[in-house]
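run01.pdb follows (PDB, C-alpha atoms, pLDDT in the B column):
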```
MODEL        1
ATOM      1  CA  MET A   1      -6.093  75.552  41.242  1.00 73.00           C
ATOM      2  CA  ASN A   2      -8.434  78.116  42.785  1.00 81.00           C
ATOM      3  CA  PHE A   3     -11.614  78.638  40.782  1.00 92.00           C
ATOM      4  CA  GLU A   4     -13.471  81.945  41.137  1.00 93.00           C
ATOM      5  CA  LEU A   5     -17.101  80.933  40.645  1.00 95.00           C
ATOM      6  CA  LYS A   6     -19.608  83.098  38.806  1.00 95.00           C
ATOM      7  CA  GLU A   7     -23.264  82.292  38.333  1.00 96.00           C
ATOM      8  CA  PHE A   8     -24.378  81.990  34.727  1.00 96.00           C
ATOM      9  CA  THR A   9     -26.177  85.187  33.708  1.00 93.00           C
ATOM     10  CA  ASN A  10     -29.453  83.481  32.764  1.00 93.00           C
ATOM     11  CA  ILE A  11     -29.249  80.099  34.509  1.00 95.00           C
ATOM     12  CA  PRO A  12     -29.887  80.126  38.279  1.00 93.00           C
ATOM     13  CA  ASN A  13     -27.877  77.765  40.517  1.00 94.00           C
ATOM     14  CA  CYS A  14     -25.381  76.960  37.775  1.00 97.00           C
ATOM     15  CA  TYR A  15     -21.831  78.313  38.108  1.00 97.00           C
ATOM     16  CA  HIS A  16     -18.686  78.561  36.030  1.00 96.00           C
ATOM     17  CA  SER A  17     -15.010  79.432  36.143  1.00 96.00           C
ATOM     18  CA  PHE A  18     -13.369  79.235  32.721  1.00 93.00           C
ATOM     19  CA  ASN A  19      -9.927  80.851  33.108  1.00 91.00           C
ATOM     20  CA  VAL A  20      -9.792  82.015  29.488  1.00 88.00           C
ATOM     21  CA  VAL A  21      -9.349  85.466  27.990  1.00 82.00           C
ATOM     22  CA  ASN A  22     -12.643  85.408  26.056  1.00 83.00           C
ATOM     23  CA  ASP A  23     -14.677  84.549  29.154  1.00 87.00           C
ATOM     24  CA  SER A  24     -17.945  86.187  28.036  1.00 89.00           C
ATOM     25  CA  GLN A  25     -17.941  84.400  24.669  1.00 88.00           C
ATOM     26  CA  PHE A  26     -17.192  81.115  26.412  1.00 91.00           C
ATOM     27  CA  GLU A  27     -20.046  81.721  28.860  1.00 93.00           C
ATOM     28  CA  ASN A  28     -22.450  82.534  26.041  1.00 93.00           C
ATOM     29  CA  THR A  29     -21.589  79.320  24.149  1.00 93.00           C
ATOM     30  CA  CYS A  30     -21.999  77.190  27.273  1.00 96.00           C
ATOM     31  CA  GLU A  31     -25.172  78.932  28.393  1.00 96.00           C
ATOM     32  CA  ASN A  32     -26.869  78.442  25.024  1.00 95.00           C
ATOM     33  CA  LEU A  33     -25.976  74.752  25.011  1.00 96.00           C
ATOM     34  CA  ILE A  34     -27.147  74.231  28.610  1.00 97.00           C
ATOM     35  CA  LYS A  35     -30.517  75.800  27.797  1.00 96.00           C
ATOM     36  CA  GLU A  36     -30.877  73.744  24.628  1.00 96.00           C
ATOM     37  CA  MET A  37     -30.021  70.447  26.313  1.00 97.00           C
ATOM     38  CA  SER A  38     -32.252  71.180  29.334  1.00 97.00           C
ATOM     39  CA  PHE A  39     -35.142  71.557  26.894  1.00 97.00           C
ATOM     40  CA  PHE A  40     -34.465  68.234  25.182  1.00 97.00           C
ATOM     41  CA  PHE A  41     -33.758  66.329  28.413  1.00 97.00           C
ATOM     42  CA  LYS A  42     -36.703  67.990  30.216  1.00 96.00           C
ATOM     43  CA  GLN A  43     -34.436  69.033  33.092  1.00 91.00           C
ATOM     44  CA  ALA A  44     -35.203  72.483  34.467  1.00 85.00           C
ATOM     45  CA  SER A  45     -32.994  72.895  37.568  1.00 86.00           C
ATOM     46  CA  PHE A  46     -29.256  72.567  38.130  1.00 89.00           C
ATOM     47  CA  GLU A  47     -28.829  72.335  41.915  1.00 87.00           C
ATOM     48  CA  GLY A  48     -25.465  74.072  42.095  1.00 94.00           C
ATOM     49  CA  LEU A  49     -23.796  72.516  39.057  1.00 96.00           C
ATOM     50  CA  LYS A  50     -20.283  73.898  38.523  1.00 97.00           C
ATOM     51  CA  ILE A  51     -18.581  73.956  35.111  1.00 97.00           C
ATOM     52  CA  LEU A  52     -14.848  74.504  35.570  1.00 97.00           C
ATOM     53  CA  ASN A  53     -11.894  74.875  33.232  1.00 94.00           C
ATOM     54  CA  PRO A  54      -9.201  73.566  33.073  1.00 94.00           C
ATOM     55  CA  ASN A  55      -9.307  70.133  34.703  1.00 95.00           C
ATOM     56  CA  PRO A  56      -6.705  69.915  37.518  1.00 94.00           C
ATOM     57  CA  ASN A  57      -6.911  66.106  37.296  1.00 91.00           C
ATOM     58  CA  GLY A  58      -5.542  65.883  33.759  1.00 92.00           C
ATOM     59  CA  ASN A  59      -6.105  66.834  30.148  1.00 92.00           C
ATOM     60  CA  LEU A  60      -9.563  65.343  29.674  1.00 94.00           C
ATOM     61  CA  PRO A  61     -13.141  66.513  30.272  1.00 96.00           C
ATOM     62  CA  GLN A  62     -14.875  64.809  33.231  1.00 97.00           C
ATOM     63  CA  TYR A  63     -18.091  64.837  35.229  1.00 97.00           C
ATOM     64  CA  PHE A  64     -18.033  64.054  38.960  1.00 96.00           C
ATOM     65  CA  TYR A  65     -21.471  63.164  40.309  1.00 94.00           C
ATOM     66  CA  SER A  66     -20.526  63.387  43.992  1.00 93.00           C
ATOM     67  CA  ASP A  67     -19.090  66.917  43.625  1.00 95.00           C
ATOM     68  CA  ASN A  68     -21.610  68.098  40.998  1.00 96.00           C
ATOM     69  CA  ILE A  69     -18.731  69.343  38.836  1.00 97.00           C
ATOM     70  CA  ILE A  70     -18.042  69.237  35.119  1.00 98.00           C
ATOM     71  CA  TYR A  71     -14.423  69.852  34.132  1.00 98.00           C
ATOM     72  CA  LEU A  72     -13.570  70.999  30.613  1.00 96.00           C
ATOM     73  CA  THR A  73     -10.170  71.243  28.944  1.00 94.00           C
ATOM     74  CA  VAL A  74     -10.226  74.255  26.645  1.00 88.00           C
ATOM     75  CA  GLY A  75      -7.808  77.084  26.028  1.00 83.00           C
ATOM     76  CA  ASP A  76      -7.878  80.564  24.553  1.00 76.00           C
ATOM     77  CA  GLY A  77      -8.779  80.627  20.878  1.00 72.00           C
ATOM     78  CA  ILE A  78     -10.361  77.170  20.877  1.00 70.00           C
ATOM     79  CA  ARG A  79     -13.133  76.613  18.347  1.00 79.00           C
ATOM     80  CA  GLU A  80     -16.729  76.896  19.521  1.00 86.00           C
ATOM     81  CA  SER A  81     -17.410  73.438  18.094  1.00 86.00           C
ATOM     82  CA  GLN A  82     -14.877  71.895  20.478  1.00 87.00           C
ATOM     83  CA  ILE A  83     -16.482  73.589  23.489  1.00 92.00           C
ATOM     84  CA  ILE A  84     -19.882  72.231  22.441  1.00 93.00           C
ATOM     85  CA  TYR A  85     -18.402  68.779  21.802  1.00 92.00           C
ATOM     86  CA  GLN A  86     -16.902  68.537  25.294  1.00 95.00           C
ATOM     87  CA  LEU A  87     -19.751  70.093  27.249  1.00 97.00           C
ATOM     88  CA  ALA A  88     -22.549  68.179  25.467  1.00 97.00           C
ATOM     89  CA  HIS A  89     -20.877  64.900  26.440  1.00 97.00           C
ATOM     90  CA  GLU A  90     -20.426  65.809  30.097  1.00 98.00           C
ATOM     91  CA  LEU A  91     -23.899  67.383  30.433  1.00 98.00           C
ATOM     92  CA  CYS A  92     -25.373  64.116  29.176  1.00 98.00           C
ATOM     93  CA  HIS A  93     -23.649  62.344  32.091  1.00 97.00           C
ATOM     94  CA  TYR A  94     -25.014  65.046  34.400  1.00 97.00           C
ATOM     95  CA  PHE A  95     -28.587  64.509  33.222  1.00 97.00           C
ATOM     96  CA  ILE A  96     -28.260  60.739  33.795  1.00 96.00           C
ATOM     97  CA  LYS A  97     -27.173  61.612  37.376  1.00 91.00           C
ATOM     98  CA  LYS A  98     -25.657  58.502  39.002  1.00 90.00           C
ATOM     99  CA  GLY A  99     -25.518  56.835  35.603  1.00 95.00           C
ATOM    100  CA  ILE A 100     -26.291  53.325  34.404  1.00 96.00           C
ATOM    101  CA  LYS A 101     -25.950  51.008  37.400  1.00 95.00           C
ATOM    102  CA  ASN A 102     -24.250  47.963  35.863  1.00 95.00           C
ATOM    103  CA  ASP A 103     -20.561  48.698  35.180  1.00 94.00           C
ATOM    104  CA  GLU A 104     -20.585  46.238  32.272  1.00 93.00           C
ATOM    105  CA  LEU A 105     -23.234  48.376  30.569  1.00 95.00           C
ATOM    106  CA  LYS A 106     -21.525  51.721  31.202  1.00 95.00           C
ATOM    107  CA  TYR A 107     -20.359  51.651  27.590  1.00 94.00           C
ATOM    108  CA  PHE A 108     -23.951  52.383  26.553  1.00 96.00           C
ATOM    109  CA  GLU A 109     -23.961  55.503  28.720  1.00 97.00           C
ATOM    110  CA  GLU A 110     -20.635  56.570  27.213  1.00 96.00           C
ATOM    111  CA  THR A 111     -22.096  55.917  23.769  1.00 96.00           C
ATOM    112  CA  LEU A 112     -25.152  58.094  24.495  1.00 98.00           C
ATOM    113  CA  CYS A 113     -22.911  60.885  25.772  1.00 98.00           C
ATOM    114  CA  ASP A 114     -20.737  60.581  22.681  1.00 95.00           C
ATOM    115  CA  LEU A 115     -23.957  60.734  20.659  1.00 96.00           C
ATOM    116  CA  SER A 116     -24.940  63.870  22.585  1.00 97.00           C
ATOM    117  CA  SER A 117     -21.799  65.608  21.324  1.00 94.00           C
ATOM    118  CA  HIS A 118     -22.585  64.729  17.707  1.00 93.00           C
ATOM    119  CA  PHE A 119     -26.303  65.476  17.964  1.00 95.00           C
ATOM    120  CA  PHE A 120     -25.992  68.913  19.546  1.00 94.00           C
ATOM    121  CA  LEU A 121     -23.139  69.949  17.259  1.00 90.00           C
ATOM    122  CA  ARG A 122     -25.236  69.061  14.228  1.00 88.00           C
ATOM    123  CA  ASN A 123     -28.277  70.764  15.749  1.00 86.00           C
ATOM    124  CA  LYS A 124     -26.556  74.135  15.451  1.00 79.00           C
ATOM    125  CA  PRO A 125     -27.377  76.295  12.412  1.00 71.00           C
ATOM    126  CA  GLN A 126     -23.720  77.009  11.568  1.00 66.00           C
ATOM    127  CA  LYS A 127     -22.488  74.715   8.781  1.00 59.00           C
ATOM    128  CA  ILE A 128     -18.974  74.676  10.240  1.00 55.00           C
ATOM    129  CA  HIS A 129     -20.160  72.542  13.175  1.00 57.00           C
ATOM    130  CA  LYS A 130     -21.543  69.859  10.858  1.00 59.00           C
ATOM    131  CA  VAL A 131     -18.286  69.838   8.883  1.00 57.00           C
ATOM    132  CA  TYR A 132     -16.324  69.365  12.132  1.00 56.00           C
ATOM    133  CA  ASP A 133     -18.642  66.487  13.111  1.00 61.00           C
ATOM    134  CA  ASP A 134     -18.571  64.840   9.674  1.00 63.00           C
ATOM    135  CA  GLU A 135     -14.784  64.689   9.932  1.00 65.00           C
ATOM    136  CA  THR A 136     -15.118  62.818  13.231  1.00 68.00           C
ATOM    137  CA  LEU A 137     -17.667  60.271  11.960  1.00 75.00           C
ATOM    138  CA  MET A 138     -16.339  59.696   8.468  1.00 71.00           C
ATOM    139  CA  ASN A 139     -13.627  57.113   9.136  1.00 73.00           C
ATOM    140  CA  ILE A 140     -15.110  55.140  12.039  1.00 82.00           C
ATOM    141  CA  THR A 141     -14.483  51.401  11.670  1.00 79.00           C
ATOM    142  CA  GLU A 142     -17.582  49.199  11.540  1.00 82.00           C
ATOM    143  CA  ILE A 143     -17.962  46.550  14.271  1.00 80.00           C
ATOM    144  CA  ASP A 144     -20.442  43.721  14.870  1.00 78.00           C
ATOM    145  CA  LEU A 145     -22.796  44.421  17.772  1.00 78.00           C
ATOM    146  CA  SER A 146     -24.270  41.735  19.959  1.00 72.00           C
ATOM    147  CA  PHE A 147     -26.575  41.500  22.963  1.00 68.00           C
ATOM    148  CA  SER A 148     -24.209  38.913  24.456  1.00 66.00           C
ATOM    149  CA  ILE A 149     -20.985  40.972  24.465  1.00 70.00           C
ATOM    150  CA  SER A 150     -19.859  43.418  27.145  1.00 73.00           C
ATOM    151  CA  TYR A 151     -17.952  46.257  25.473  1.00 85.00           C
ATOM    152  CA  ASP A 152     -15.160  48.435  26.872  1.00 86.00           C
ATOM    153  CA  ARG A 153     -16.725  51.671  28.128  1.00 88.00           C
ATOM    154  CA  TYR A 154     -13.618  53.694  27.220  1.00 86.00           C
ATOM    155  CA  ASN A 155     -13.183  52.404  23.662  1.00 89.00           C
ATOM    156  CA  ARG A 156     -13.922  55.702  21.913  1.00 87.00           C
ATOM    157  CA  GLU A 157     -13.923  54.311  18.366  1.00 88.00           C
ATOM    158  CA  GLN A 158     -16.410  51.592  19.339  1.00 91.00           C
ATOM    159  CA  ASN A 159     -18.640  54.076  21.185  1.00 92.00           C
ATOM    160  CA  THR A 160     -18.531  56.526  18.290  1.00 91.00           C
ATOM    161  CA  TYR A 161     -19.488  53.785  15.830  1.00 92.00           C
ATOM    162  CA  ILE A 162     -22.553  52.882  17.927  1.00 93.00           C
ATOM    163  CA  ALA A 163     -23.349  56.593  18.293  1.00 94.00           C
ATOM    164  CA  LYS A 164     -23.209  56.903  14.496  1.00 93.00           C
ATOM    165  CA  LEU A 165     -25.900  54.202  14.251  1.00 94.00           C
ATOM    166  CA  LEU A 166     -28.029  55.883  16.932  1.00 96.00           C
ATOM    167  CA  LEU A 167     -27.746  59.376  15.436  1.00 96.00           C
ATOM    168  CA  PRO A 168     -30.467  59.029  12.739  1.00 96.00           C
ATOM    169  CA  ILE A 169     -32.853  57.547  15.342  1.00 98.00           C
ATOM    170  CA  PHE A 170     -32.426  60.563  17.641  1.00 98.00           C
ATOM    171  CA  GLU A 171     -32.513  63.012  14.746  1.00 96.00           C
ATOM    172  CA  LYS A 172     -35.837  61.524  13.666  1.00 97.00           C
ATOM    173  CA  SER A 173     -37.170  61.512  17.260  1.00 98.00           C
ATOM    174  CA  PRO A 174     -35.243  64.235  19.155  1.00 97.00           C
ATOM    175  CA  SER A 175     -37.680  64.137  22.083  1.00 98.00           C
ATOM    176  CA  LEU A 176     -36.206  60.685  22.837  1.00 98.00           C
ATOM    177  CA  TRP A 177     -33.534  62.541  24.856  1.00 98.00           C
ATOM    178  CA  SER A 178     -36.186  63.059  27.548  1.00 98.00           C
ATOM    179  CA  GLU A 179     -36.184  59.280  28.128  1.00 98.00           C
ATOM    180  CA  VAL A 180     -32.420  58.993  28.633  1.00 98.00           C
ATOM    181  CA  PRO A 181     -32.353  59.965  32.365  1.00 97.00           C
ATOM    182  CA  LYS A 182     -34.645  56.994  33.096  1.00 97.00           C
ATOM    183  CA  LEU A 183     -31.743  54.640  32.361  1.00 98.00           C
ATOM    184  CA  ALA A 184     -30.270  55.469  35.781  1.00 96.00           C
ATOM    185  CA  ASP A 185     -33.264  53.812  37.508  1.00 95.00           C
ATOM    186  CA  ILE A 186     -32.949  50.445  35.733  1.00 97.00           C
ATOM    187  CA  GLU A 187     -31.363  47.289  37.153  1.00 95.00           C
ATOM    188  CA  ALA A 188     -30.252  45.084  34.251  1.00 96.00           C
ATOM    189  CA  SER A 189     -27.598  42.428  33.664  1.00 93.00           C
ATOM    190  CA  THR A 190     -27.400  42.681  29.863  1.00 92.00           C
ATOM    191  CA  ILE A 191     -27.851  45.339  27.194  1.00 93.00           C
ATOM    192  CA  GLY A 192     -30.881  43.415  25.916  1.00 93.00           C
ATOM    193  CA  LYS A 193     -32.587  43.594  29.307  1.00 95.00           C
ATOM    194  CA  LEU A 194     -31.597  47.242  29.767  1.00 96.00           C
ATOM    195  CA  LEU A 195     -33.147  48.260  26.460  1.00 96.00           C
ATOM    196  CA  ALA A 196     -36.278  46.174  27.042  1.00 97.00           C
ATOM    197  CA  LEU A 197     -36.845  47.699  30.483  1.00 98.00           C
ATOM    198  CA  TRP A 198     -36.097  51.155  29.120  1.00 98.00           C
ATOM    199  CA  LYS A 199     -38.730  50.669  26.436  1.00 98.00           C
ATOM    200  CA  ASN A 200     -41.229  49.597  29.121  1.00 98.00           C
ATOM    201  CA  LYS A 201     -40.545  52.790  31.090  1.00 97.00           C
ATOM    202  CA  ALA A 202     -40.747  55.033  28.035  1.00 98.00           C
ATOM    203  CA  THR A 203     -43.841  56.937  26.981  1.00 98.00           C
ATOM    204  CA  ALA A 204     -45.827  55.497  24.083  1.00 98.00           C
ATOM    205  CA  GLU A 205     -44.446  57.988  21.565  1.00 98.00           C
ATOM    206  CA  HIS A 206     -40.862  56.795  22.148  1.00 98.00           C
ATOM    207  CA  LYS A 207     -41.269  53.007  22.233  1.00 98.00           C
ATOM    208  CA  LYS A 208     -40.794  52.653  18.474  1.00 98.00           C
ATOM    209  CA  ALA A 209     -37.530  54.614  18.562  1.00 98.00           C
ATOM    210  CA  ILE A 210     -36.164  52.443  21.378  1.00 98.00           C
ATOM    211  CA  GLN A 211     -37.176  49.368  19.379  1.00 97.00           C
ATOM    212  CA  GLU A 212     -35.029  50.722  16.552  1.00 97.00           C
ATOM    213  CA  ILE A 213     -32.126  50.953  19.004  1.00 96.00           C
ATOM    214  CA  GLN A 214     -32.742  47.332  20.021  1.00 95.00           C
ATOM    215  CA  ASN A 215     -32.616  46.359  16.351  1.00 94.00           C
ATOM    216  CA  ILE A 216     -29.025  47.549  15.882  1.00 90.00           C
ATOM    217  CA  PHE A 217     -27.823  44.825  18.263  1.00 83.00           C
ATOM    218  CA  LYS A 218     -27.891  41.243  16.950  1.00 70.00           C
TER     219      LYS A 218
ENDMDL
END
```
Reformat the file's structure so that it appears as structure tokens.
Amino acid sequence: MNFELKEFTNIPNCYHSFNVVNDSQFENTCENLIKEMSFFFKQASFEGLKILNPNPNGNLPQYFYSDNIIYLTVGDGIRESQIIYQLAHELCHYFIKKGIKNDELKYFEETLCDLSSHFFLRNKPQKIHKVYDDETLMNITEIDLSFSISYDRYNREQNTYIAKLLLPIFEKSPSLWSEVPKLADIEASTIGKLLALWKNKATAEHKKAIQEIQNIFK
């Protein structure tokens, strides 16, 4: 597919090609979310990021670090909440850049990006977004979490359950998102070591929140 790139109206060096009828509405939704997330993640520049729709590789949203591309999978008439849900997840990957280094701990990155979808949906003033998110979280099956287990990074139900536990921590301390990109700089063999090193790197105001994250693992 050939994508005709346009620069976002109010975001320099960030481009899009949506291929939908309501292109301006789509751009406005994405632009507002990008600005909001850049504020929370403390990331000001985008270095040629491209947000493209649909994904020629299949029917799933993806972020490709090497190409600096986010692919979405949305069609005409799709709900705004679904656009936010997809883009918030992939932008979280973008802000972590190369991502968590240890493949066995990639599930924690996927969990944070799943959390990003829930957090930024619920951060919107429209009640309909919270209703959409409540439906997603309501029936998640509880699992036992352990420092000693390596979880499947693509197990969505597992990741969403962990995200559900993390959500009140981030809602209480939303500036904690600014610490998330630091995870990409950490070498760790276990989730326990990753979280401990992350807490060491964090500013004083966020250490307590990361300790609360440590406490959800047994």
Can you pull out the residues contacting region 97-110 of chain A? Cut-off 7 Å, using all atoms listed in the file, and skip same-chain residues under 3 positions away; I want them as a JSON list (two decimals) with C-alpha atoms, keeping the file's coordinate frame.
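Result saved to out-v6.json:
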```json
[["chain", "number", "residue", "atom", "x", "y", "z"],
["A", 65, "TYR", "CA", -21.47, 63.16, 40.31],
["A", 93, "HIS", "CA", -23.65, 62.34, 32.09],
["A", 94, "TYR", "CA", -25.01, 65.05, 34.40],
["A", 113, "CYS", "CA", -22.91, 60.88, 25.77],
["A", 114, "ASP", "CA", -20.74, 60.58, 22.68],
["A", 150, "SER", "CA", -19.86, 43.42, 27.14],
["A", 151, "TYR", "CA", -17.95, 46.26, 25.47],
["A", 152, "ASP", "CA", -15.16, 48.44, 26.87],
["A", 153, "ARG", "CA", -16.73, 51.67, 28.13],
["A", 159, "ASN", "CA", -18.64, 54.08, 21.18],
["A", 183, "LEU", "CA", -31.74, 54.64, 32.36],
["A", 184, "ALA", "CA", -30.27, 55.47, 35.78],
["A", 187, "GLU", "CA", -31.36, 47.29, 37.15],
["A", 188, "ALA", "CA", -30.25, 45.08, 34.25],
["A", 189, "SER", "CA", -27.60, 42.43, 33.66],
["A", 191, "ILE", "CA", -27.85, 45.34, 27.19]]
```
Q: Name the residues that the PyMOL selection byres ((chain A and resi 29) around 12) picks from the file above, as a list of chain:residue names, using the file's chain letters and numbers.
A: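 Matching residues under the PyMOL selection byres ((chain A and resi 29) around 12) are A:Phe8, A:Phe18, A:Asn22, A:Asp23, A:Ser24, A:Gln25, A:Phe26, A:Glu27, A:Asn28, A:Cys30, A:Glu31, A:Asn32, A:Leu33, A:Ile34, A:Lys35, A:Glu36, A:Ile78, A:Arg79, A:Glu80, A:Ser81, A:Gln82, A:Ile83, A:Ile84, A:Tyr85, A:Gln86, A:Leu87, A:Ala88, A:Leu121, A:Lys124.
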Just C-alpha atoms for this one: save the residues we selected as a compact mmCIF listing (two decimals), keeping the file's coordinate frame.
```
# COMPACT_ATOMS: atom_id res chain seq x y z
CA PHE A 8 -24.38 81.99 34.73
CA PHE A 18 -13.37 79.24 32.72
CA ASN A 22 -12.64 85.41 26.06
CA ASP A 23 -14.68 84.55 29.15
CA SER A 24 -17.94 86.19 28.04
CA GLN A 25 -17.94 84.40 24.67
CA PHE A 26 -17.19 81.11 26.41
CA GLU A 27 -20.05 81.72 28.86
CA ASN A 28 -22.45 82.53 26.04
CA CYS A 30 -22.00 77.19 27.27
CA GLU A 31 -25.17 78.93 28.39
CA ASN A 32 -26.87 78.44 25.02
CA LEU A 33 -25.98 74.75 25.01
CA ILE A 34 -27.15 74.23 28.61
CA LYS A 35 -30.52 75.80 27.80
CA GLU A 36 -30.88 73.74 24.63
CA ILE A 78 -10.36 77.17 20.88
CA ARG A 79 -13.13 76.61 18.35
CA GLU A 80 -16.73 76.90 19.52
CA SER A 81 -17.41 73.44 18.09
CA GLN A 82 -14.88 71.90 20.48
CA ILE A 83 -16.48 73.59 23.49
CA ILE A 84 -19.88 72.23 22.44
CA TYR A 85 -18.40 68.78 21.80
CA GLN A 86 -16.90 68.54 25.29
CA LEU A 87 -19.75 70.09 27.25
CA ALA A 88 -22.55 68.18 25.47
CA LEU A 121 -23.14 69.95 17.26
CA LYS A 124 -26.56 74.14 15.45
```
**Q.** Point-to-point distance in Å for CA of Asn57 (chain A) and CA of Ala163 (chain A)
**A.**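 If I compute the distance from CA of Ala163 (chain A) to CA of Asn57 (chain A), I get 26.9 Å.
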Q) How many Å lie between CA of Ser117 (chain A) and CA of Leu91 (chain A), rounded to one decimal? A)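 If I compute the distance from CA of Ser117 (chain A) to CA of Leu91 (chain A), I get 9.5 Å.
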(Q) One number please: CA of Leu167 (chain A) to CA of Glu205 (chain A), in Å, one decimal. (A)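 According to the coordinates, CA of Leu167 (chain A) and CA of Glu205 (chain A) are separated by 17.8 Å.
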